[in-house]
$ cat input_12.tsv   # TSV, C-alpha atoms
chain	number	residue	atom	x	y	z
A	12	MET	CA	-47.39	-41.45	1.86
A	13	ASN	CA	-44.07	-39.80	2.50
A	14	GLN	CA	-44.63	-37.29	5.27
A	15	GLY	CA	-41.64	-35.12	4.64
A	16	TYR	CA	-37.96	-34.70	4.05
A	17	ARG	CA	-35.48	-36.82	5.95
A	18	TRP	CA	-33.86	-35.22	8.98
A	19	PRO	CA	-30.40	-34.46	7.45
A	20	LEU	CA	-32.02	-32.32	4.77
A	21	VAL	CA	-34.35	-30.68	7.30
A	22	GLY	CA	-31.34	-29.94	9.50
A	23	LEU	CA	-29.35	-28.44	6.65
A	24	HIS	CA	-32.32	-26.31	5.59
A	25	TRP	CA	-32.78	-24.68	9.00
A	26	LEU	CA	-29.04	-24.45	9.64
A	27	THR	CA	-28.64	-22.61	6.33
A	28	LEU	CA	-31.40	-20.19	7.32
A	29	LEU	CA	-29.71	-19.54	10.66
A	30	LEU	CA	-26.36	-18.96	8.95
A	31	ILE	CA	-27.65	-16.61	6.25
A	32	VAL	CA	-29.54	-14.56	8.85
A	33	ALA	CA	-26.32	-14.32	10.91
A	34	ALA	CA	-24.22	-13.44	7.85
A	35	TYR	CA	-26.79	-10.86	6.75
A	36	VAL	CA	-26.99	-9.19	10.17
A	37	ILE	CA	-23.19	-9.06	10.53
A	38	GLY	CA	-22.79	-7.88	6.93
A	39	SER	CA	-25.28	-5.07	7.48
A	40	LEU	CA	-23.48	-3.98	10.66
A	41	LEU	CA	-20.15	-3.91	8.80
A	42	GLU	CA	-21.53	-1.41	6.29
A	43	ASP	CA	-21.69	1.37	8.89
A	44	MET	CA	-18.71	0.48	11.07
A	45	THR	CA	-15.42	2.35	11.10
A	46	LEU	CA	-12.22	0.35	11.29
A	47	SER	CA	-11.66	-1.31	14.67
A	48	PRO	CA	-10.48	-4.67	15.98
A	49	LEU	CA	-14.14	-5.61	16.40
A	50	LYS	CA	-14.84	-4.81	12.77
A	51	LEU	CA	-12.02	-7.08	11.61
A	52	LYS	CA	-13.35	-9.86	13.83
A	53	LEU	CA	-16.88	-9.43	12.52
A	54	PHE	CA	-15.57	-9.34	8.96
A	55	SER	CA	-13.88	-12.68	9.56
A	56	TRP	CA	-17.01	-14.18	11.11
A	57	HIS	CA	-19.10	-12.91	8.21
A	58	LYS	CA	-16.77	-14.66	5.76
A	59	TRP	CA	-16.55	-17.87	7.81
A	60	VAL	CA	-20.33	-18.11	8.09
A	61	GLY	CA	-20.77	-17.33	4.38
A	62	MET	CA	-18.24	-19.97	3.37
A	63	THR	CA	-20.04	-22.47	5.60
A	64	VAL	CA	-23.28	-21.73	3.70
A	65	LEU	CA	-21.40	-22.42	0.47
A	66	PHE	CA	-19.87	-25.68	1.73
A	67	LEU	CA	-23.21	-26.95	3.06
A	68	LEU	CA	-24.84	-26.42	-0.33
A	69	LEU	CA	-23.28	-29.43	-2.06
A	70	PRO	CA	-24.32	-32.09	0.50
A	71	ARG	CA	-27.69	-30.38	0.66
A	72	LEU	CA	-28.22	-30.60	-3.09
A	73	LEU	CA	-27.14	-34.25	-3.09
A	74	LEU	CA	-29.65	-35.04	-0.34
A	75	ARG	CA	-32.35	-33.06	-2.11
A	76	TRP	CA	-31.92	-34.99	-5.36
A	77	THR	CA	-32.39	-38.29	-3.57
A	78	GLU	CA	-35.74	-37.23	-2.08
A	79	ARG	CA	-38.82	-38.97	-3.49
A	80	ILE	CA	-41.37	-36.23	-2.82
A	81	ASP	CA	-43.68	-35.18	-5.68
A	82	HIS	CA	-43.35	-31.43	-5.45
A	83	ALA	CA	-46.08	-30.74	-8.01
A	84	ALA	CA	-48.73	-32.73	-6.11
A	85	GLY	CA	-51.81	-30.63	-5.38
A	86	LEU	CA	-50.44	-27.61	-7.25
A	87	LEU	CA	-51.77	-25.88	-10.35
A	88	PRO	CA	-49.36	-26.09	-13.28
A	89	TRP	CA	-48.30	-22.45	-12.88
A	90	GLU	CA	-47.82	-22.94	-9.14
A	91	ALA	CA	-45.62	-25.96	-9.76
A	92	ARG	CA	-43.55	-23.97	-12.25
A	93	ALA	CA	-43.28	-20.96	-9.90
A	94	SER	CA	-42.29	-23.23	-7.01
A	95	ALA	CA	-39.60	-24.96	-9.07
A	96	ALA	CA	-38.30	-21.60	-10.33
A	97	VAL	CA	-38.09	-20.09	-6.83
A	98	HIS	CA	-36.39	-23.19	-5.41
A	99	GLY	CA	-33.94	-23.22	-8.32
A	100	ALA	CA	-33.22	-19.51	-7.84
A	101	LEU	CA	-32.73	-20.01	-4.08
A	102	TYR	CA	-30.14	-22.72	-4.66
A	103	LEU	CA	-28.42	-20.63	-7.33
A	104	LEU	CA	-28.22	-17.62	-4.99
A	105	LEU	CA	-26.99	-19.78	-2.11
A	106	LEU	CA	-24.12	-20.56	-4.46
A	107	LEU	CA	-23.62	-17.08	-5.94
A	108	ALA	CA	-23.94	-14.87	-2.84
A	109	PRO	CA	-21.08	-16.51	-0.88
A	110	LEU	CA	-19.04	-17.06	-4.03
A	111	LEU	CA	-19.25	-13.35	-4.94
A	112	GLY	CA	-18.35	-12.43	-1.36
A	113	TRP	CA	-15.33	-14.74	-1.56
A	114	LEU	CA	-14.32	-13.11	-4.88
A	115	HIS	CA	-14.77	-9.65	-3.33
A	116	SER	CA	-12.54	-10.56	-0.40
A	117	SER	CA	-9.94	-12.09	-2.70
A	118	ALA	CA	-9.88	-9.11	-5.08
A	119	SER	CA	-9.57	-6.79	-2.06
A	120	GLY	CA	-6.32	-8.53	-1.14
A	121	PHE	CA	-7.73	-10.55	1.76
A	122	PRO	CA	-7.68	-14.30	1.16
A	123	VAL	CA	-10.24	-16.18	3.25
A	124	VAL	CA	-8.91	-18.44	5.99
A	125	TRP	CA	-11.90	-20.48	7.11
A	126	PHE	CA	-12.33	-20.09	10.88
A	127	GLY	CA	-8.74	-18.83	10.93
A	128	VAL	CA	-7.53	-22.38	10.25
A	129	LEU	CA	-8.16	-23.48	6.67
A	130	PRO	CA	-6.76	-21.15	3.99
A	131	LEU	CA	-9.11	-21.17	1.02
A	132	LEU	CA	-8.09	-20.66	-2.57
A	133	ASP	CA	-7.22	-17.04	-3.35
A	134	LEU	CA	-9.49	-16.80	-6.37
A	135	VAL	CA	-8.23	-13.60	-8.01
A	136	GLY	CA	-5.33	-11.19	-7.64
A	137	LYS	CA	-5.62	-7.90	-5.78
A	138	ASP	CA	-7.56	-5.46	-7.96
A	139	LYS	CA	-9.49	-2.55	-6.43
A	140	ALA	CA	-11.78	-1.97	-9.44
A	141	LEU	CA	-12.64	-5.67	-9.65
A	142	ALA	CA	-13.21	-5.74	-5.87
A	143	GLU	CA	-15.79	-2.94	-6.20
A	144	ILE	CA	-17.63	-4.86	-8.94
A	145	PHE	CA	-17.71	-8.04	-6.84
A	146	LYS	CA	-18.90	-6.03	-3.83
A	147	GLU	CA	-21.85	-4.66	-5.80
A	148	LEU	CA	-22.68	-8.09	-7.21
A	149	HIS	CA	-22.38	-9.68	-3.75
A	150	GLU	CA	-24.79	-7.14	-2.27
A	151	GLY	CA	-27.17	-7.49	-5.21
A	152	SER	CA	-27.21	-11.28	-4.94
A	153	VAL	CA	-27.75	-11.08	-1.17
A	154	ASN	CA	-30.68	-8.68	-1.55
A	155	LEU	CA	-32.25	-10.96	-4.15
A	156	LEU	CA	-31.65	-13.97	-1.90
A	157	VAL	CA	-33.34	-12.24	1.04
A	158	ALA	CA	-36.31	-11.26	-1.15
A	159	LEU	CA	-36.70	-14.87	-2.34
A	160	VAL	CA	-36.39	-16.23	1.19
A	161	VAL	CA	-39.26	-13.95	2.22
A	162	LEU	CA	-41.32	-15.10	-0.77
A	163	HIS	CA	-40.47	-18.74	0.01
A	164	ALA	CA	-41.51	-18.32	3.66
A	165	ALA	CA	-44.73	-16.53	2.64
A	166	ALA	CA	-45.60	-19.38	0.28
A	167	ALA	CA	-44.92	-21.94	3.02
A	168	LEU	CA	-47.22	-20.07	5.43
A	169	TYR	CA	-49.87	-19.82	2.72
A	170	HIS	CA	-49.74	-23.60	2.28
A	171	GLN	CA	-49.99	-24.13	6.02
A	172	HIS	CA	-52.73	-21.65	6.92
A	173	VAL	CA	-54.76	-21.30	3.70
A	174	ARG	CA	-54.31	-24.54	1.83
A	175	HIS	CA	-53.87	-26.76	4.91
A	176	ASP	CA	-52.01	-29.20	2.65
A	177	GLY	CA	-49.13	-30.20	4.89
A	178	VAL	CA	-46.43	-28.76	2.60
A	179	LEU	CA	-44.81	-26.87	5.48
A	180	ALA	CA	-44.75	-30.06	7.56
A	181	ARG	CA	-42.25	-31.58	5.10
A	182	MET	CA	-39.69	-29.19	6.55
A	183	VAL	CA	-41.10	-28.87	10.10
A	184	PRO	CA	-41.10	-32.35	11.67
A	185	TRP	CA	-43.12	-31.33	14.75
A	186	LEU	CA	-46.04	-30.29	12.52
A	187	ARG	CA	-46.21	-33.76	10.99
A	188	SER	CA	-47.87	-35.53	13.94
A	189	LYS	CA	-50.82	-33.16	13.66
A	190	SER	CA	-51.47	-33.90	9.99
B	9	MET	CA	41.50	7.30	18.60
B	10	LYS	CA	38.40	8.44	16.77
B	11	THR	CA	40.29	11.35	15.23
B	12	LEU	CA	42.99	8.99	14.08
B	13	PHE	CA	40.38	6.76	12.47
B	14	VAL	CA	38.80	9.70	10.62
B	15	LEU	CA	42.25	10.84	9.57
B	16	LEU	CA	43.06	7.39	8.20
B	17	MET	CA	39.78	7.34	6.33
B	18	CYS	CA	40.71	10.63	4.68
B	19	LEU	CA	44.14	9.40	3.80
B	20	ALA	CA	42.88	6.17	2.32
B	21	PRO	CA	42.74	6.12	-1.46
B	22	PRO	CA	39.30	7.07	-2.74
B	23	VAL	CA	37.17	3.97	-3.09
B	24	LEU	CA	35.43	3.29	-6.36
B	25	ALA	CA	32.08	3.62	-4.64
B	26	GLN	CA	29.54	5.65	-6.49
B	27	ASP	CA	26.19	6.98	-5.42
B	28	TRP	CA	23.20	5.13	-6.78
B	29	LYS	CA	19.79	6.62	-7.36
B	30	LEU	CA	16.59	4.82	-6.53
B	31	ASP	CA	14.17	4.10	-9.34
B	32	ALA	CA	11.13	4.61	-7.10
B	33	GLY	CA	8.66	3.47	-9.75
B	34	LYS	CA	10.29	0.06	-9.99
B	35	SER	CA	11.05	-0.37	-6.30
B	36	GLN	CA	8.89	-1.60	-3.44
B	37	VAL	CA	9.03	-1.77	0.32
B	38	GLN	CA	6.31	-4.22	1.35
B	39	PHE	CA	5.12	-5.89	4.50
B	40	VAL	CA	3.15	-9.09	4.99
B	41	ILE	CA	1.25	-9.44	8.24
B	42	LYS	CA	-1.50	-11.75	9.43
B	43	GLN	CA	-4.88	-10.27	10.37
B	44	MET	CA	-7.17	-12.82	12.00
B	45	ASN	CA	-4.64	-15.36	10.73
B	46	VAL	CA	-5.06	-14.11	7.15
B	47	PRO	CA	-1.79	-13.08	5.49
B	48	THR	CA	-2.28	-9.59	4.05
B	49	GLU	CA	0.12	-7.51	2.02
B	50	GLY	CA	0.79	-3.84	2.29
B	51	ASN	CA	3.49	-1.48	1.16
B	52	PHE	CA	4.95	1.97	1.66
B	53	ARG	CA	4.36	4.49	-1.09
B	54	ARG	CA	7.33	6.68	-0.23
B	55	PHE	CA	10.88	5.80	0.75
B	56	ILE	CA	14.31	7.21	0.11
B	57	VAL	CA	17.45	5.18	-0.45
B	58	HIS	CA	21.00	6.35	0.00
B	59	ALA	CA	23.29	3.78	-1.54
B	60	SER	CA	26.93	4.28	-2.22
B	61	PHE	CA	28.90	1.25	-3.27
B	62	ASP	CA	31.19	-0.32	-5.80
B	63	PRO	CA	29.29	-3.18	-7.45
B	64	ALA	CA	32.55	-5.14	-7.46
B	65	LYS	CA	32.79	-4.81	-3.67
B	66	PRO	CA	29.40	-4.00	-2.10
B	67	GLU	CA	30.72	-5.02	1.34
B	68	ALA	CA	32.53	-1.72	1.48
B	69	GLY	CA	29.40	0.21	0.55
B	70	ARG	CA	27.08	2.37	2.55
B	71	PHE	CA	23.34	1.82	2.57
B	72	ARG	CA	20.52	3.65	4.22
B	73	VAL	CA	16.78	3.38	3.66
B	74	ASP	CA	14.31	5.95	4.99
B	75	VAL	CA	10.67	4.95	4.91
B	76	ASP	CA	7.87	7.50	5.30
B	77	THR	CA	5.71	5.93	8.01
B	78	ALA	CA	2.69	7.99	6.92
B	79	SER	CA	2.81	6.48	3.44
B	80	ALA	CA	1.68	2.96	4.36
B	81	ASP	CA	-0.79	1.41	1.94
B	82	THR	CA	-2.70	-1.17	3.95
B	83	GLY	CA	-5.31	-1.89	1.31
B	84	SER	CA	-7.96	0.48	2.63
B	85	ALA	CA	-8.06	4.23	3.31
B	86	GLU	CA	-9.27	3.52	6.86
B	87	GLY	CA	-6.33	1.22	7.49
B	88	ASP	CA	-3.90	3.79	6.08
B	89	ASP	CA	-5.24	6.38	8.54
B	90	GLU	CA	-5.22	3.93	11.42
B	91	VAL	CA	-1.53	3.04	11.18
B	92	LYS	CA	-0.47	6.72	11.37
B	93	ARG	CA	-2.05	7.01	14.83
B	94	PRO	CA	0.04	7.15	18.01
B	95	ALA	CA	-0.76	3.52	18.86
B	96	TRP	CA	0.88	2.42	15.61
B	97	PHE	CA	3.63	4.36	13.83
B	98	ASP	CA	2.81	7.69	15.48
B	99	SER	CA	3.73	9.31	12.19
B	100	LYS	CA	3.44	12.89	13.45
B	101	ALA	CA	6.11	12.37	16.07
B	102	HIS	CA	8.09	9.76	14.13
B	103	PRO	CA	7.69	10.39	10.40
B	104	TRP	CA	10.56	8.16	9.33
B	105	ALA	CA	11.57	4.55	9.85
B	106	ILE	CA	15.27	4.36	9.08
B	107	PHE	CA	17.58	1.46	8.43
B	108	THR	CA	21.26	2.32	8.45
B	109	ALA	CA	23.68	-0.41	7.45
B	110	LYS	CA	26.88	-0.38	9.49
B	111	SER	CA	28.52	-3.23	7.64
B	112	VAL	CA	27.80	-5.60	4.80
B	113	ARG	CA	28.97	-9.19	4.72
B	114	ARG	CA	29.36	-11.16	1.52
B	115	GLU	CA	27.65	-14.58	1.90
B	116	ALA	CA	28.07	-15.91	-1.64
B	117	ASP	CA	28.10	-14.61	-5.17
B	118	GLY	CA	25.51	-11.82	-5.28
B	119	ARG	CA	24.28	-12.62	-1.76
B	120	TYR	CA	24.95	-10.35	1.19
B	121	THR	CA	23.78	-9.50	4.64
B	122	ALA	CA	23.51	-5.90	5.78
B	123	PHE	CA	24.05	-5.40	9.51
B	124	GLY	CA	22.83	-2.20	11.00
B	125	ASP	CA	20.21	-0.42	13.05
B	126	LEU	CA	16.56	-0.18	12.31
B	127	ASP	CA	15.08	2.89	13.93
B	128	ILE	CA	11.30	3.02	14.21
B	129	LYS	CA	9.21	5.15	16.55
B	130	GLY	CA	12.23	6.26	18.54
B	131	GLN	CA	13.44	2.70	19.16
B	132	SER	CA	16.72	1.61	17.63
B	133	ARG	CA	17.34	-2.11	17.29
B	134	ALA	CA	20.05	-4.12	15.57
B	135	LEU	CA	18.94	-5.77	12.36
B	136	ALA	CA	20.54	-8.20	9.94
B	137	ALA	CA	18.93	-7.92	6.52
B	138	PRO	CA	19.93	-10.54	3.94
B	139	PHE	CA	19.74	-9.36	0.36
B	140	THR	CA	20.73	-10.24	-3.16
B	141	LEU	CA	22.27	-7.86	-5.65
B	142	THR	CA	21.60	-8.59	-9.29
B	143	ARG	CA	22.56	-6.64	-12.36
B	144	GLN	CA	19.72	-5.19	-14.48
B	145	GLY	CA	21.37	-3.53	-17.46
B	146	ASN	CA	23.38	-0.72	-15.93
B	147	ALA	CA	21.29	-0.75	-12.77
B	148	TRP	CA	21.39	-3.04	-9.74
B	149	LEU	CA	18.46	-4.67	-8.05
B	150	ALA	CA	18.70	-5.17	-4.30
B	151	GLN	CA	16.13	-7.68	-3.04
B	152	GLY	CA	15.58	-9.09	0.38
B	153	ARG	CA	13.25	-9.90	3.22
B	154	PHE	CA	13.50	-10.08	6.98
B	155	PRO	CA	11.14	-10.80	9.87
B	156	LEU	CA	10.14	-8.20	12.43
B	157	LYS	CA	7.97	-8.07	15.51
B	158	ARG	CA	5.60	-5.16	16.02
B	159	SER	CA	6.11	-5.39	19.76
B	160	THR	CA	9.85	-4.66	19.40
B	161	TYR	CA	8.98	-1.13	18.33
B	162	GLY	CA	5.69	-0.69	20.17
B	163	ILE	CA	3.70	-0.57	16.93
B	164	GLY	CA	0.06	-1.41	17.46
B	165	GLY	CA	-1.17	-3.27	20.51
B	166	GLY	CA	-4.09	-2.73	22.83
B	167	ASP	CA	-7.31	-4.14	21.39
B	168	TRP	CA	-5.53	-4.99	18.16
B	169	THR	CA	-3.26	-7.57	19.77
B	170	ASP	CA	-5.51	-10.56	19.12
B	171	VAL	CA	-6.48	-9.37	15.62
B	172	VAL	CA	-3.19	-8.36	14.05
B	173	ALA	CA	-0.20	-10.69	14.45
B	174	ASP	CA	2.97	-9.56	16.20
B	175	ASP	CA	5.16	-11.14	13.54
B	176	LEU	CA	5.46	-9.66	10.11
B	177	GLU	CA	7.80	-9.87	7.19
B	178	VAL	CA	9.35	-6.92	5.40
B	179	ARG	CA	10.21	-7.37	1.73
B	180	PHE	CA	12.15	-4.95	-0.37
B	181	ASN	CA	12.98	-4.64	-4.06
B	182	LEU	CA	15.15	-1.63	-4.72
B	183	LEU	CA	16.22	-0.80	-8.24
B	184	LEU	CA	19.35	1.34	-8.11
B	185	LEU	CA	20.33	3.44	-11.09
B	186	PRO	CA	23.84	4.81	-11.66

$ encode --input "input_12.tsv" --output "structure tokens"
Amino acid sequence: MNQGYRWPLVGLHWLTLLLIVAAYVIGSLLEDMTLSPLKLKLFSWHKWVGMTVLFLLLPRLLLRWTERIDHAAGLLPWEARASAAVHGALYLLLLLAPLLGWLHSSASGFPVVWFGVLPLLDLVGKDKALAEIFKELHEGSVNLLVALVVLHAAAALYHQHVRHDGVLARMVPWLRSKS
Amino acid sequence: MKTLFVLLMCLAPPVLAQDWKLDAGKSQVQFVIKQMNVPTEGNFRRFIVHASFDPAKPEAGRFRVDVDTASADTGSAEGDDEVKRPAWFDSKAHPWAIFTAKSVRREADGRYTAFGDLDIKGQSRALAAPFTLTRQGNAWLAQGRFPLKRSTYGIGGGDWTDVVADDLEVRFNLLLLP
């Protein structure tokens, strides 16, 4: 039986978590900061990290689609549907949250230059009203993403500690030897 | 010598120069500067232009542009407040940035270079500003751009040095009405 996901996918999963936590923490700090050189630096880092999440999504999805794991195994039909829905929503938000942030930056008149080196496409022209809309949508998508990540983690812990079915071990290689 | 020069100027036949009025709504004074290596655009909301020239011979004209340093639009209210501070424009002490052309050289048809002094924050430095002059109905559009360094005028600095680039570009589009 296949014990779990292959290491590139496992790596991308945990790297993505690390990056979205970093982007979320920096983004939250930015909310309350007044303009300073530090704020501009943090703003840039927030964007760079967010764009990295976006860029990692495509290889991650490609790897995911080549996995041979039966995700419905051992689940009730409604659980399988809920799991598929949450995973689908997570991927969608990993696409939307950075994309809306990118649009917000672009509409605010600040193109994104990835790590200060690679200028990314300036998606829309400068438009303050549009920038406000993208800001709201970015924040909304991030809040939803965080809520789903918490749900996702809770479900994984439930599988590990209540069901004892080795689902968490698919993504945590060091748990596999014990199962 | 100076008196003689003034006297000669008075004696000279009146030039065909006329005063031109700025159409502020259709004119812009912009700047492009890199923040964290990201090119960002800003502009000044208020500027005054004194232009007196004969469109047939702009090289004999007089040009002066006064920019209100407190009117910078940096894209955010916080940024607008920041650049008025003493570390930047010091708008309280130096409300105006002034370019006064001392001479204009014709480069080609419709293309000129204005040589003069750019005075910002109490520092006066020579500046050569290339520009084009194109007819728009009965008005004339003066367009040009030139590079500047913040450090030349002591604008910004301190902690901002590694965040905001020293080099910037000034762009102007001035629509002059008869």

$ residues_around --input "input_12.tsv" --residues "range 58-62 of chain A" --least-positions-apart "6" --cutoff "9 Å" --atoms "all atoms listed in the file" --output "PyMOL selection string"
chain A and resi 30-31+33-34+108-110+112-113+116+123-127

$ write_last_selection --input "input_12.tsv" --atoms "C-alpha atoms" --output "mmCIF file, in the frame of the given file"
data_model
loop_
_atom_site.group_PDB
_atom_site.id
_atom_site.type_symbol
_atom_site.label_atom_id
_atom_site.label_comp_id
_atom_site.auth_asym_id
_atom_site.auth_seq_id
_atom_site.Cartn_x
_atom_site.Cartn_y
_atom_site.Cartn_z
ATOM 1 C CA LEU A 30 -26.360 -18.960 8.950
ATOM 2 C CA ILE A 31 -27.650 -16.610 6.250
ATOM 3 C CA ALA A 33 -26.320 -14.320 10.910
ATOM 4 C CA ALA A 34 -24.220 -13.440 7.850
ATOM 5 C CA ALA A 108 -23.940 -14.870 -2.840
ATOM 6 C CA PRO A 109 -21.080 -16.510 -0.880
ATOM 7 C CA LEU A 110 -19.040 -17.060 -4.030
ATOM 8 C CA GLY A 112 -18.350 -12.430 -1.360
ATOM 9 C CA TRP A 113 -15.330 -14.740 -1.560
ATOM 10 C CA SER A 116 -12.540 -10.560 -0.400
ATOM 11 C CA VAL A 123 -10.240 -16.180 3.250
ATOM 12 C CA VAL A 124 -8.910 -18.440 5.990
ATOM 13 C CA TRP A 125 -11.900 -20.480 7.110
ATOM 14 C CA PHE A 126 -12.330 -20.090 10.880
ATOM 15 C CA GLY A 127 -8.740 -18.830 10.930
#

$ residues_around --input "input_12.tsv" --residues "Lys42 in chain B" --least-positions-apart "6" --cutoff "9 Å" --atoms "all atoms listed in the file" --output "MDAnalysis selection string"
chainID B and resid 48:49 171:176

$ interface_residues --input "input_12.tsv" --of "chain B" --to "chain A" --cutoff "8 Å" --atoms "all atoms listed in the file" --output "mmCIF file with C-alpha atoms, in the frame of the given file"
data_model
loop_
_atom_site.group_PDB
_atom_site.id
_atom_site.type_symbol
_atom_site.label_atom_id
_atom_site.label_comp_id
_atom_site.auth_asym_id
_atom_site.auth_seq_id
_atom_site.Cartn_x
_atom_site.Cartn_y
_atom_site.Cartn_z
ATOM 1 C CA GLN B 43 -4.880 -10.270 10.370
ATOM 2 C CA MET B 44 -7.170 -12.820 12.000
ATOM 3 C CA ASN B 45 -4.640 -15.360 10.730
ATOM 4 C CA VAL B 46 -5.060 -14.110 7.150
ATOM 5 C CA PRO B 47 -1.790 -13.080 5.490
ATOM 6 C CA THR B 48 -2.280 -9.590 4.050
ATOM 7 C CA GLU B 49 0.120 -7.510 2.020
ATOM 8 C CA GLY B 83 -5.310 -1.890 1.310
ATOM 9 C CA GLU B 86 -9.270 3.520 6.860
ATOM 10 C CA GLY B 87 -6.330 1.220 7.490
ATOM 11 C CA GLU B 90 -5.220 3.930 11.420
ATOM 12 C CA ASP B 167 -7.310 -4.140 21.390
ATOM 13 C CA TRP B 168 -5.530 -4.990 18.160
ATOM 14 C CA VAL B 171 -6.480 -9.370 15.620
#

$ atom_distance --input "input_12.tsv" --atom1 "CA of Arg174 in chain A" --atom2 "CA of Tyr102 in chain A"
25.1 Å

$ atom_distance --input "input_12.tsv" --atom1 "CA of Asn146 in chain B" --atom2 "CA of Gly124 in chain B"
27.0 Å

$ build_atoms --input "input_12.tsv" --residues "range 22-41 of chain A" --atoms "N, CA and C atoms" --output "PDB file, in the frame of the given file"
ATOM      1  N   GLY A  22     -32.373 -30.599   8.684  1.00  0.00           N
ATOM      2  CA  GLY A  22     -31.340 -29.940   9.500  1.00  0.00           C
ATOM      3  C   GLY A  22     -30.554 -28.939   8.691  1.00  0.00           C
ATOM      4  N   LEU A  23     -30.145 -29.349   7.490  1.00  0.00           N
ATOM      5  CA  LEU A  23     -29.350 -28.440   6.650  1.00  0.00           C
ATOM      6  C   LEU A  23     -30.159 -27.222   6.225  1.00  0.00           C
ATOM      7  N   HIS A  24     -31.456 -27.421   5.979  1.00  0.00           N
ATOM      8  CA  HIS A  24     -32.320 -26.310   5.590  1.00  0.00           C
ATOM      9  C   HIS A  24     -32.358 -25.235   6.672  1.00  0.00           C
ATOM     10  N   TRP A  25     -32.642 -25.665   7.907  1.00  0.00           N
ATOM     11  CA  TRP A  25     -32.780 -24.680   9.000  1.00  0.00           C
ATOM     12  C   TRP A  25     -31.426 -24.111   9.428  1.00  0.00           C
ATOM     13  N   LEU A  26     -30.391 -24.943   9.324  1.00  0.00           N
ATOM     14  CA  LEU A  26     -29.040 -24.450   9.640  1.00  0.00           C
ATOM     15  C   LEU A  26     -28.637 -23.360   8.638  1.00  0.00           C
ATOM     16  N   THR A  27     -28.949 -23.606   7.361  1.00  0.00           N
ATOM     17  CA  THR A  27     -28.640 -22.610   6.330  1.00  0.00           C
ATOM     18  C   THR A  27     -29.365 -21.304   6.607  1.00  0.00           C
ATOM     19  N   LEU A  28     -30.637 -21.414   7.011  1.00  0.00           N
ATOM     20  CA  LEU A  28     -31.400 -20.190   7.320  1.00  0.00           C
ATOM     21  C   LEU A  28     -30.719 -19.416   8.448  1.00  0.00           C
ATOM     22  N   LEU A  29     -30.364 -20.160   9.501  1.00  0.00           N
ATOM     23  CA  LEU A  29     -29.710 -19.540  10.660  1.00  0.00           C
ATOM     24  C   LEU A  29     -28.418 -18.831  10.217  1.00  0.00           C
ATOM     25  N   LEU A  30     -27.643 -19.511   9.382  1.00  0.00           N
ATOM     26  CA  LEU A  30     -26.360 -18.960   8.950  1.00  0.00           C
ATOM     27  C   LEU A  30     -26.534 -17.729   8.050  1.00  0.00           C
ATOM     28  N   ILE A  31     -27.513 -17.777   7.133  1.00  0.00           N
ATOM     29  CA  ILE A  31     -27.650 -16.610   6.250  1.00  0.00           C
ATOM     30  C   ILE A  31     -28.212 -15.412   7.019  1.00  0.00           C
ATOM     31  N   VAL A  32     -29.057 -15.671   8.021  1.00  0.00           N
ATOM     32  CA  VAL A  32     -29.540 -14.560   8.850  1.00  0.00           C
ATOM     33  C   VAL A  32     -28.351 -13.946   9.602  1.00  0.00           C
ATOM     34  N   ALA A  33     -27.501 -14.811  10.169  1.00  0.00           N
ATOM     35  CA  ALA A  33     -26.320 -14.320  10.910  1.00  0.00           C
ATOM     36  C   ALA A  33     -25.403 -13.543   9.982  1.00  0.00           C
ATOM     37  N   ALA A  34     -25.118 -14.110   8.801  1.00  0.00           N
ATOM     38  CA  ALA A  34     -24.220 -13.440   7.850  1.00  0.00           C
ATOM     39  C   ALA A  34     -24.808 -12.110   7.405  1.00  0.00           C
ATOM     40  N   TYR A  35     -26.137 -12.082   7.208  1.00  0.00           N
ATOM     41  CA  TYR A  35     -26.790 -10.860   6.750  1.00  0.00           C
ATOM     42  C   TYR A  35     -26.735  -9.771   7.822  1.00  0.00           C
ATOM     43  N   VAL A  36     -27.009 -10.164   9.065  1.00  0.00           N
ATOM     44  CA  VAL A  36     -26.990  -9.190  10.170  1.00  0.00           C
ATOM     45  C   VAL A  36     -25.569  -8.624  10.339  1.00  0.00           C
ATOM     46  N   ILE A  37     -24.580  -9.517  10.358  1.00  0.00           N
ATOM     47  CA  ILE A  37     -23.190  -9.060  10.530  1.00  0.00           C
ATOM     48  C   ILE A  37     -22.784  -8.186   9.340  1.00  0.00           C
ATOM     49  N   GLY A  38     -23.137  -8.639   8.134  1.00  0.00           N
ATOM     50  CA  GLY A  38     -22.790  -7.880   6.930  1.00  0.00           C
ATOM     51  C   GLY A  38     -23.383  -6.491   6.944  1.00  0.00           C
ATOM     52  N   SER A  39     -24.631  -6.379   7.420  1.00  0.00           N
ATOM     53  CA  SER A  39     -25.280  -5.070   7.480  1.00  0.00           C
ATOM     54  C   SER A  39     -24.598  -4.164   8.501  1.00  0.00           C
ATOM     55  N   LEU A  40     -24.183  -4.763   9.630  1.00  0.00           N
ATOM     56  CA  LEU A  40     -23.480  -3.980  10.660  1.00  0.00           C
ATOM     57  C   LEU A  40     -22.161  -3.442  10.100  1.00  0.00           C
ATOM     58  N   LEU A  41     -21.466  -4.284   9.330  1.00  0.00           N
ATOM     59  CA  LEU A  41     -20.150  -3.910   8.800  1.00  0.00           C
ATOM     60  C   LEU A  41     -20.223  -2.673   7.921  1.00  0.00           C
TER      61      LEU A  41
END
